[in-house]
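Text of entry29.csv, listed as CSV, C-alpha atoms and all ligand atoms:
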```csv
chain,number,residue,atom,x,y,z
X,1,MET,CA,48.0,124.0,135.8
X,2,THR,CA,44.4,123.7,136.7
X,3,THR,CA,44.5,127.1,138.4
X,4,ASP,CA,44.6,128.7,134.9
X,5,LEU,CA,41.0,127.5,134.4
X,6,LEU,CA,39.8,129.5,137.4
X,7,GLN,CA,37.9,132.7,136.7
X,8,ILE,CA,39.6,135.3,138.8
X,9,GLU,CA,38.5,138.9,138.3
X,10,MET,CA,41.4,141.4,138.5
X,11,GLN,CA,41.0,144.9,139.8
X,12,LYS,CA,44.3,146.6,140.2
X,13,VAL,CA,45.2,149.6,142.3
X,14,PRO,CA,45.6,152.8,140.1
X,15,GLN,CA,48.9,153.4,142.0
X,16,SER,CA,51.0,151.2,144.2
X,17,ARG,CA,51.7,152.2,147.8
X,18,ILE,CA,55.0,150.4,147.8
X,19,LYS,CA,57.1,153.6,147.8
X,20,GLU,CA,55.6,154.5,151.2
X,21,VAL,CA,57.2,151.4,152.8
X,22,ASP,CA,60.7,151.3,154.2
X,23,PHE,CA,61.8,147.7,153.4
X,24,ASN,CA,64.8,148.1,155.7
X,25,ASN,CA,62.5,148.8,158.7
X,26,LEU,CA,59.5,146.5,158.6
X,27,PRO,CA,57.5,146.0,161.8
X,28,PHE,CA,55.5,142.8,161.9
X,29,GLY,CA,52.0,143.0,160.5
X,30,LYS,CA,51.7,146.7,159.9
X,31,HIS,CA,52.2,147.2,156.2
X,32,PHE,CA,49.8,145.5,153.8
X,33,ALA,CA,50.6,144.9,150.2
X,34,ASP,CA,48.5,146.5,147.4
X,35,HIS,CA,46.0,143.7,146.8
X,36,MET,CA,44.0,140.9,148.4
X,37,PHE,CA,42.3,137.8,147.1
X,38,VAL,CA,38.7,137.4,148.1
X,39,ALA,CA,36.1,134.6,147.4
X,40,ASP,CA,32.6,134.2,148.8
X,41,TYR,CA,30.7,131.0,149.6
X,42,ALA,CA,27.0,130.7,149.1
X,43,ASP,CA,24.6,128.0,148.0
X,44,GLY,CA,27.3,125.4,148.5
X,45,GLN,CA,29.7,127.1,146.1
X,46,TRP,CA,32.7,129.4,146.1
X,47,THR,CA,32.0,132.3,143.8
X,48,ASP,CA,33.2,135.8,142.9
X,49,LEU,CA,36.9,135.0,143.0
X,50,ARG,CA,38.7,138.3,142.7
X,51,VAL,CA,42.0,140.1,143.3
X,52,VAL,CA,41.1,143.6,144.4
X,53,PRO,CA,42.8,146.6,146.2
X,54,TYR,CA,43.5,145.9,149.8
X,55,GLY,CA,40.9,147.7,151.8
X,56,ASP,CA,38.0,147.7,154.2
X,57,PHE,CA,35.1,145.2,154.2
X,58,ALA,CA,31.7,146.4,155.1
X,59,PHE,CA,29.8,144.2,157.5
X,60,ASN,CA,26.4,143.8,159.2
X,61,PRO,CA,26.3,144.1,163.0
X,62,ALA,CA,24.7,140.7,163.2
X,63,LEU,CA,27.6,139.0,161.2
X,64,SER,CA,27.7,135.6,162.8
X,65,SER,CA,31.5,135.2,163.0
X,66,LEU,CA,31.6,138.2,165.3
X,67,HIS,CA,29.2,136.5,167.7
X,68,TYR,CA,29.9,132.8,167.6
X,69,GLY,CA,33.4,132.7,166.3
X,70,GLN,CA,33.4,130.7,163.1
X,71,SER,CA,36.7,132.2,162.1
X,72,ILE,CA,39.9,130.4,161.1
X,73,PHE,CA,43.3,131.5,159.6
X,74,GLU,CA,46.6,130.3,158.3
X,75,GLY,CA,50.1,131.8,158.4
X,76,MET,CA,52.8,131.2,155.8
X,77,LYS,CA,55.6,133.0,154.0
X,78,ALA,CA,57.0,133.7,150.6
X,79,TYR,CA,60.6,134.5,149.7
X,80,LYS,CA,62.6,135.6,146.7
X,81,ASN,CA,65.5,133.6,145.3
X,82,ASN,CA,68.6,135.1,143.8
X,83,GLU,CA,66.9,135.3,140.4
X,84,GLY,CA,64.1,137.3,141.9
X,85,GLU,CA,61.5,134.5,141.5
X,86,VAL,CA,58.9,134.2,144.3
X,87,LEU,CA,59.0,130.9,146.3
X,88,MET,CA,56.3,129.6,148.6
X,89,PHE,CA,57.1,127.2,151.4
X,90,ARG,CA,54.8,124.1,151.7
X,91,PRO,CA,51.6,126.0,150.8
X,92,LEU,CA,49.7,122.7,150.4
X,93,ASP,CA,50.2,121.9,154.0
X,94,ASN,CA,48.6,125.2,155.0
X,95,TRP,CA,45.7,124.5,152.6
X,96,ALA,CA,45.2,121.0,154.1
X,97,ARG,CA,45.4,122.4,157.7
X,98,MET,CA,42.9,125.2,156.9
X,99,ASN,CA,40.4,122.6,155.8
X,100,GLU,CA,41.0,120.6,159.0
X,101,SER,CA,40.2,123.8,161.0
X,102,ALA,CA,37.2,124.4,158.8
X,103,LYS,CA,35.8,120.9,159.4
X,104,ARG,CA,36.2,121.3,163.2
X,105,MET,CA,34.5,124.7,163.1
X,106,CYS,CA,31.7,123.3,160.9
X,107,MET,CA,32.7,125.7,158.1
X,108,ALA,CA,32.9,125.3,154.3
X,109,THR,CA,36.1,123.8,153.0
X,110,ILE,CA,38.3,125.4,150.3
X,111,PRO,CA,39.1,123.4,147.2
X,112,GLU,CA,42.8,123.2,146.5
X,113,GLU,CA,42.6,125.0,143.2
X,114,ILE,CA,40.9,128.1,144.8
X,115,PHE,CA,43.4,128.3,147.7
X,116,MET,CA,46.4,127.8,145.4
X,117,GLY,CA,45.0,129.7,142.5
X,118,GLY,CA,44.1,132.7,144.7
X,119,LEU,CA,47.5,132.6,146.3
X,120,GLU,CA,49.3,132.5,143.0
X,121,ALA,CA,47.2,135.2,141.4
X,122,LEU,CA,47.8,137.4,144.4
X,123,LEU,CA,51.5,136.8,144.6
X,124,ARG,CA,52.0,137.4,140.9
X,125,THR,CA,50.1,140.7,141.2
X,126,ASP,CA,52.1,141.8,144.3
X,127,ALA,CA,55.4,140.1,143.5
X,128,ASP,CA,57.3,143.5,144.0
X,129,TRP,CA,56.2,143.3,147.6
X,130,VAL,CA,58.2,140.2,148.4
X,131,PRO,CA,61.3,141.5,150.0
X,132,ASP,CA,64.7,140.3,149.0
X,133,GLN,CA,66.6,141.7,152.0
X,134,PRO,CA,68.3,138.9,154.0
X,135,GLY,CA,65.9,137.6,156.6
X,136,SER,CA,62.9,139.4,155.2
X,137,SER,CA,59.9,137.7,153.6
X,138,LEU,CA,56.3,138.2,152.7
X,139,TYR,CA,54.0,137.0,155.4
X,140,ILE,CA,50.8,135.6,154.0
X,141,ARG,CA,47.5,135.5,155.9
X,142,PRO,CA,44.7,133.3,154.4
X,143,TYR,CA,41.6,133.3,156.5
X,144,MET,CA,37.9,132.5,156.4
X,145,PHE,CA,34.9,133.8,158.5
X,146,ALA,CA,31.2,133.2,158.6
X,147,THR,CA,29.1,135.9,157.0
X,148,ASP,CA,25.5,134.9,157.7
X,149,VAL,CA,23.4,137.7,159.2
X,150,PHE,CA,21.5,135.7,161.7
X,151,LEU,CA,21.6,135.5,165.5
X,152,GLY,CA,20.7,131.8,165.9
X,153,VAL,CA,23.6,129.6,167.0
X,154,ALA,CA,24.0,127.5,163.9
X,155,PRO,CA,26.7,127.0,161.3
X,156,SER,CA,26.7,129.9,158.9
X,157,LYS,CA,25.6,129.0,155.3
X,158,THR,CA,27.8,131.7,153.8
X,159,TYR,CA,31.6,132.4,154.3
X,160,ARG,CA,34.2,134.8,153.0
X,161,PHE,CA,37.8,133.6,152.2
X,162,CYS,CA,40.5,136.2,151.9
X,163,ILE,CA,44.2,136.2,151.5
X,164,PHE,CA,46.3,139.3,152.2
X,165,THR,CA,50.0,139.8,152.7
X,166,CYS,CA,52.5,141.8,154.7
X,167,PRO,CA,56.2,142.3,154.0
X,168,VAL,CA,58.1,141.5,157.2
X,169,GLY,CA,61.6,142.1,158.2
X,170,VAL,CA,64.2,140.1,160.2
X,171,TYR,CA,62.5,138.8,163.3
X,172,TYR,CA,65.2,139.2,165.9
X,173,SER,CA,64.2,136.9,168.6
X,174,LYS,CA,66.1,137.4,171.8
X,175,PRO,CA,66.2,134.1,173.8
X,176,LEU,CA,62.8,133.8,175.6
X,177,LYS,CA,61.9,133.6,179.2
X,178,VAL,CA,59.0,131.2,179.3
X,179,LYS,CA,56.7,130.2,182.2
X,180,VAL,CA,55.2,126.8,182.6
X,181,GLU,CA,51.5,127.5,183.0
X,182,MET,CA,49.9,125.4,185.8
X,183,GLU,CA,46.5,126.9,186.1
X,184,TYR,CA,45.0,128.1,182.7
X,185,ILE,CA,44.9,125.9,179.7
X,186,ARG,CA,44.9,126.6,175.9
X,187,SER,CA,43.2,123.4,174.8
X,188,ALA,CA,41.8,120.1,176.1
X,189,PRO,CA,41.2,116.6,174.8
X,190,GLY,CA,38.1,116.7,172.5
X,191,GLY,CA,38.5,120.5,172.1
X,192,VAL,CA,39.7,122.7,169.3
X,193,GLY,CA,43.5,123.1,170.1
X,194,TYR,CA,44.5,121.5,166.8
X,195,ALA,CA,42.5,124.0,164.8
X,196,LYS,CA,43.8,127.4,163.9
X,197,CYS,CA,40.6,129.1,165.0
X,198,ALA,CA,40.4,132.7,166.2
X,199,GLY,CA,39.0,131.9,169.6
X,200,ASN,CA,42.1,129.9,170.7
X,201,TYR,CA,44.1,133.1,170.5
X,202,ALA,CA,41.6,135.2,172.4
X,203,GLY,CA,41.5,132.6,175.2
X,204,SER,CA,45.3,132.6,175.5
X,205,MET,CA,45.8,136.4,175.9
X,206,TYR,CA,44.8,136.8,179.6
X,207,PRO,CA,47.1,134.0,181.0
X,208,THR,CA,49.9,135.3,178.7
X,209,LEU,CA,49.4,138.9,180.1
X,210,LEU,CA,49.7,137.5,183.7
X,211,ALA,CA,52.9,135.8,182.7
X,212,GLN,CA,54.2,139.0,181.2
X,213,GLN,CA,53.4,140.9,184.3
X,214,ALA,CA,55.4,138.4,186.2
X,215,GLY,CA,58.4,139.1,183.9
X,216,TYR,CA,58.1,136.3,181.3
X,217,ASP,CA,57.9,136.6,177.5
X,218,GLN,CA,55.6,133.7,176.9
X,219,LEU,CA,53.9,130.6,178.3
X,220,ILE,CA,54.5,126.9,178.0
X,221,TRP,CA,51.1,125.3,178.0
X,222,THR,CA,50.6,122.0,179.8
X,223,ASP,CA,48.0,119.3,179.4
X,224,ALA,CA,44.5,120.1,180.6
X,225,THR,CA,44.1,117.0,182.8
X,226,GLU,CA,47.2,116.8,185.0
X,227,HIS,CA,49.4,119.9,184.1
X,228,GLN,CA,52.2,117.4,183.8
X,229,TYR,CA,53.0,117.3,180.1
X,230,ILE,CA,54.2,120.0,177.9
X,231,GLU,CA,52.0,121.0,174.9
X,232,GLU,CA,53.0,124.2,173.1
X,233,SER,CA,54.5,127.6,173.8
X,234,GLY,CA,52.4,130.6,172.8
X,235,THR,CA,51.7,130.0,169.1
X,236,MET,CA,54.7,127.8,168.6
X,237,ASN,CA,55.4,124.1,168.9
X,238,VAL,CA,58.0,123.2,171.5
X,239,MET,CA,61.2,121.1,171.0
X,240,PHE,CA,64.1,120.0,173.1
X,241,ILE,CA,67.4,118.5,172.6
X,242,ILE,CA,67.8,115.8,175.3
X,243,ASP,CA,70.8,113.4,175.2
X,244,GLY,CA,71.5,114.6,171.6
X,245,LYS,CA,68.0,113.6,170.4
X,246,LEU,CA,65.3,115.9,169.2
X,247,VAL,CA,62.4,115.4,171.5
X,248,THR,CA,59.0,117.1,170.9
X,249,PRO,CA,55.4,116.5,172.2
X,250,ALA,CA,53.5,114.2,169.8
X,251,THR,CA,50.7,116.1,168.1
X,252,SER,CA,47.1,115.4,169.3
X,253,ASP,CA,43.8,117.1,169.2
X,254,SER,CA,45.1,119.6,171.8
X,255,ILE,CA,48.3,120.4,169.9
X,256,LEU,CA,48.5,122.3,166.6
X,257,ARG,CA,50.3,120.5,163.8
X,258,GLY,CA,52.9,123.1,162.9
X,259,VAL,CA,54.4,123.1,159.4
X,260,THR,CA,57.6,124.3,161.0
X,261,ARG,CA,57.5,121.6,163.6
X,262,ASP,CA,57.1,118.9,160.9
X,263,SER,CA,59.9,120.5,158.8
X,264,VAL,CA,62.4,120.6,161.7
X,265,VAL,CA,61.5,116.9,162.5
X,266,GLN,CA,62.1,115.8,158.9
X,267,ILE,CA,65.4,117.8,158.6
X,268,ALA,CA,66.7,116.4,161.9
X,269,ARG,CA,65.9,112.8,160.7
X,270,SER,CA,67.7,113.6,157.4
X,271,TRP,CA,70.8,114.7,159.4
X,272,GLY,CA,70.8,111.4,161.3
X,273,ILE,CA,69.6,113.0,164.5
X,274,PRO,CA,67.2,110.7,166.4
X,275,VAL,CA,63.7,112.2,166.8
X,276,GLU,CA,61.2,111.2,169.6
X,277,GLU,CA,57.6,112.4,169.2
X,278,ARG,CA,56.0,111.5,172.5
X,279,ASN,CA,54.8,112.9,175.9
X,280,VAL,CA,57.3,115.2,177.4
X,281,SER,CA,56.8,115.8,181.1
X,282,ILE,CA,57.8,118.9,183.0
X,283,THR,CA,59.8,116.8,185.4
X,284,GLU,CA,61.9,115.4,182.5
X,285,VAL,CA,62.6,118.9,181.3
X,286,ILE,CA,63.5,120.4,184.7
X,287,ASP,CA,65.6,117.3,185.7
X,288,GLY,CA,67.3,117.5,182.2
X,289,ILE,CA,68.3,121.1,182.7
X,290,GLN,CA,69.6,120.3,186.2
X,291,ASN,CA,71.6,117.3,185.2
X,292,GLY,CA,72.8,118.7,181.9
X,293,ARG,CA,71.2,116.1,179.6
X,294,LEU,CA,68.8,118.8,178.2
X,295,THR,CA,71.0,121.2,176.1
X,296,GLU,CA,68.4,123.2,174.1
X,297,ALA,CA,64.8,124.2,174.3
X,298,PHE,CA,63.0,126.2,171.6
X,299,GLY,CA,59.7,127.1,170.0
X,300,ALA,CA,59.1,126.4,166.3
X,301,GLY,CA,56.6,128.4,164.1
X,302,THR,CA,56.4,130.3,160.8
X,303,ALA,CA,56.9,133.8,162.3
X,304,VAL,CA,60.3,133.1,163.9
X,305,VAL,CA,61.2,129.6,162.5
X,306,VAL,CA,62.9,128.7,165.8
X,307,SER,CA,63.0,130.7,168.9
X,308,PRO,CA,65.4,129.5,171.7
X,309,PHE,CA,64.4,129.6,175.3
X,310,GLN,CA,66.8,131.0,177.9
X,311,VAL,CA,64.8,130.5,181.0
X,312,ILE,CA,62.0,128.2,182.0
X,313,GLY,CA,60.0,129.3,185.0
X,314,TYR,CA,58.2,126.5,186.9
X,315,ASN,CA,56.4,126.7,190.2
X,316,GLY,CA,58.2,130.0,191.2
X,317,ASN,CA,61.7,128.9,190.2
X,318,ASP,CA,63.6,129.9,187.1
X,319,TYR,CA,65.8,127.3,185.4
X,320,MET,CA,68.5,128.7,183.1
X,321,LEU,CA,69.3,126.8,179.9
X,322,PRO,CA,73.0,126.4,179.0
X,323,GLU,CA,74.4,128.9,176.5
X,324,ARG,CA,75.1,127.4,173.1
X,325,SER,CA,77.4,128.8,170.6
X,326,ALA,CA,76.0,129.2,167.1
X,327,THR,CA,78.1,126.3,165.8
X,328,ASP,CA,76.9,123.7,168.3
X,329,SER,CA,73.3,124.8,168.5
X,330,PHE,CA,70.8,122.6,166.7
X,331,ALA,CA,68.3,125.4,166.7
X,332,VAL,CA,70.6,127.9,165.0
X,333,ARG,CA,71.7,125.3,162.4
X,334,VAL,CA,68.2,124.2,161.5
X,335,LYS,CA,67.0,127.8,161.3
X,336,GLU,CA,69.9,128.6,158.9
X,337,TYR,CA,69.1,125.5,156.8
X,338,MET,CA,65.4,126.3,156.6
X,339,THR,CA,66.1,129.9,155.6
X,340,ASN,CA,68.5,128.7,152.8
X,341,LEU,CA,65.9,126.2,151.7
X,342,ARG,CA,63.1,128.7,151.5
X,343,THR,CA,65.2,131.3,149.6
X,344,GLY,CA,66.3,128.7,147.1
X,345,LYS,CA,70.0,128.8,148.2
X,346,ILE,CA,70.3,125.1,148.6
X,347,ALA,CA,68.7,122.1,146.8
X,348,ASP,CA,65.2,121.3,147.9
X,349,GLU,CA,65.5,117.6,148.6
X,350,PHE,CA,62.2,117.5,150.4
X,351,GLY,CA,60.1,119.0,147.6
X,352,TRP,CA,58.8,121.8,149.9
X,353,VAL,CA,59.4,124.9,147.7
X,354,VAL,CA,56.7,125.9,145.2
X,355,LYS,CA,57.6,128.5,142.7
X,356,VAL,CA,54.9,131.1,141.9
M,1,LIG,C1,50.4,128.6,163.9
M,1,LIG,C2,50.7,127.9,165.2
M,1,LIG,C3,51.8,127.1,165.3
M,1,LIG,C4,52.9,127.0,164.3
M,1,LIG,O1,52.5,126.5,163.1
M,1,LIG,P1,53.4,126.7,161.8
M,1,LIG,O2,52.7,126.0,160.7
M,1,LIG,O3,54.7,126.2,162.1
M,1,LIG,O4,53.4,128.2,161.6
M,1,LIG,C5,52.0,126.4,166.5
M,1,LIG,N1,51.1,126.4,167.5
M,1,LIG,C6,49.9,127.2,167.4
M,1,LIG,C7,49.0,127.2,168.5
M,1,LIG,C8,49.7,127.9,166.2
M,1,LIG,O5,48.7,128.7,166.1
```

I need this file expressed as structure tokens, please.
Amino acid sequence: MTTDLLQIEMQKVPQSRIKEVDFNNLPFGKHFADHMFVADYADGQWTDLRVVPYGDFAFNPALSSLHYGQSIFEGMKAYKNNEGEVLMFRPLDNWARMNESAKRMCMATIPEEIFMGGLEALLRTDADWVPDQPGSSLYIRPYMFATDVFLGVAPSKTYRFCIFTCPVGVYYSKPLKVKVEMEYIRSAPGGVGYAKCAGNYAGSMYPTLLAQQAGYDQLIWTDATEHQYIEESGTMNVMFIIDGKLVTPATSDSILRGVTRDSVVQIARSWGIPVEERNVSITEVIDGIQNGRLTEAFGAGTAVVVSPFQVIGYNGNDYMLPERSATDSFAVRVKEYMTNLRTGKIADEFGWVVKV
């Protein structure tokens, strides 16, 4: 593979911290594996590719990403199969999306061989950190931020790209109570909603807090112009089963192109379930709940795979979704299928699984 031609400096920890971690009790995002991959961009080139012990960065107070937000990230997962081999799920899609985000934020892009080569070098080094307990995985966080020391508002000329990982346990998602947001917006046409840029998450926290104070778990974002059409829920894409069809908002510049969303759509099609990617109005959803044509609503994203909604709050009323047994729920079936696919338990007919 071309990645073997990469010069990656290796500096390993003298002693692993893995014994300090209880793999049967893994809170999300708190335990970090021994190493991280780092590369720096300057003079138009990525240099100093290295796998080093996970640890602090030093930075200058004028670091431009802290002031003007040129900061993007990705989220993906690795699993172990029964043979103990490490499997990544659609990593090239994360690489491509990271570069889409980079272009929108006027940042340097990452060549495929550096993203993939860094990922592979890191996962080989920390292979022991990939959990094999059912439902557990290694969460992978590639990200990039501007490193110029300069207070002018201008694209940075230097960047740092880093990948670190966290073993994560079963994400038990209780069915969510979500509120349709009619005042605040996450993104707008012409904006940056399709980019995984840090500022999008900062901007969503206050409206989410208000919803939580009102007793909801999460928001459903609506379009910025009319607040009539459903966009996303928190950091997940949103999907519905209406009249037995999988219905989901079409992606646009205000909706993030989730890898999970795309996977669920392709799996549904392969099962012969009709899929509609189009505008989904709030009226259609509320009417569908009331007349029984809408049978499921759920979020889709890497952290949870799918997360069913139990209640949708809209204009002060709470609408209950019907209870589905595990056997007749599409969300449950697709989650199980994706888990089996990602852990190598079933044949990968889509070509999504990449062995490290
Ligand atoms: C990351 C993210 C998603 C889900 O994307 P996946 O690739 O499926 O993890 C959806 N919406 C937003 C806003 C996100 O940040």

TODO: Return as number ranges by chain the residues of protein, DNA or RNA that approach ligand LIG 1 (chain M) to within 10 Å, with all atoms listed in the file taken into account.
DONE: X: 73-77, 90-91, 93-94, 97, 186-187, 193-198, 200-201, 204, 221, 231-238, 254-264, 299-306

Set out as JSON lines a contact list for stretch 9-112 of chain X and stretch 328-342 of chain X with a cut-off of 12 Å, giving each residue of stretch 9-112 of chain X that qualifies its closest atom pair and distance in Å to one decimal, counting only C-alpha atoms, ordered by chain and rising residue number.
```
{"residue": "X:Met76", "atom": "CA", "partner": "X:Arg342", "partner_atom": "CA", "distance": 11.4}
{"residue": "X:Lys77", "atom": "CA", "partner": "X:Arg342", "partner_atom": "CA", "distance": 9.0}
{"residue": "X:Ala78", "atom": "CA", "partner": "X:Arg342", "partner_atom": "CA", "distance": 7.9}
{"residue": "X:Tyr79", "atom": "CA", "partner": "X:Arg342", "partner_atom": "CA", "distance": 6.6}
{"residue": "X:Lys80", "atom": "CA", "partner": "X:Arg342", "partner_atom": "CA", "distance": 8.4}
{"residue": "X:Asn81", "atom": "CA", "partner": "X:Arg342", "partner_atom": "CA", "distance": 8.3}
{"residue": "X:Asn82", "atom": "CA", "partner": "X:Asn340", "partner_atom": "CA", "distance": 11.0}
{"residue": "X:Glu85", "atom": "CA", "partner": "X:Arg342", "partner_atom": "CA", "distance": 11.7}
{"residue": "X:Val86", "atom": "CA", "partner": "X:Arg342", "partner_atom": "CA", "distance": 10.0}
{"residue": "X:Leu87", "atom": "CA", "partner": "X:Arg342", "partner_atom": "CA", "distance": 7.0}
{"residue": "X:Met88", "atom": "CA", "partner": "X:Arg342", "partner_atom": "CA", "distance": 7.4}
{"residue": "X:Phe89", "atom": "CA", "partner": "X:Arg342", "partner_atom": "CA", "distance": 6.2}
{"residue": "X:Arg90", "atom": "CA", "partner": "X:Arg342", "partner_atom": "CA", "distance": 9.5}
{"residue": "X:Pro91", "atom": "CA", "partner": "X:Arg342", "partner_atom": "CA", "distance": 11.8}
```

TODO: Work out how far apart atom CA of X:Lys30 and atom CA of X:Glu113 are and give it in Å to one decimal.
DONE: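 Computed distance, atom CA of X:Lys30 to atom CA of X:Glu113, equals 28.9 Å.
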
Task: For X:Leu138, the nearest of the candidates X:His31, X:Lys174, X:Arg269, X:Lys179, counting only C-alpha atoms - done: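 Nearest to X:Leu138: X:His31.
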
Task: From X:Val192, X:Leu122, X:Leu26, X:Val280, residue lying nearest X:Met105 [all atoms listed in the file] - done: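 Counting all atoms listed in the file, the residue closest to X:Met105 is X:Val192.
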
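Considering all atoms listed in the file, the residue among X:Thr165, X:Tyr68, X:Gln45, X:Asp223 positioned nearest to X:Ala188 is X:Asp223.
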
TODO: Rounded to one decimal place, report the atom CA of X:Leu219-atom CA of X:Tyr314 distance in Å.
DONE: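 Separation of atom CA of X:Leu219 and atom CA of X:Tyr314: 10.5 Å.
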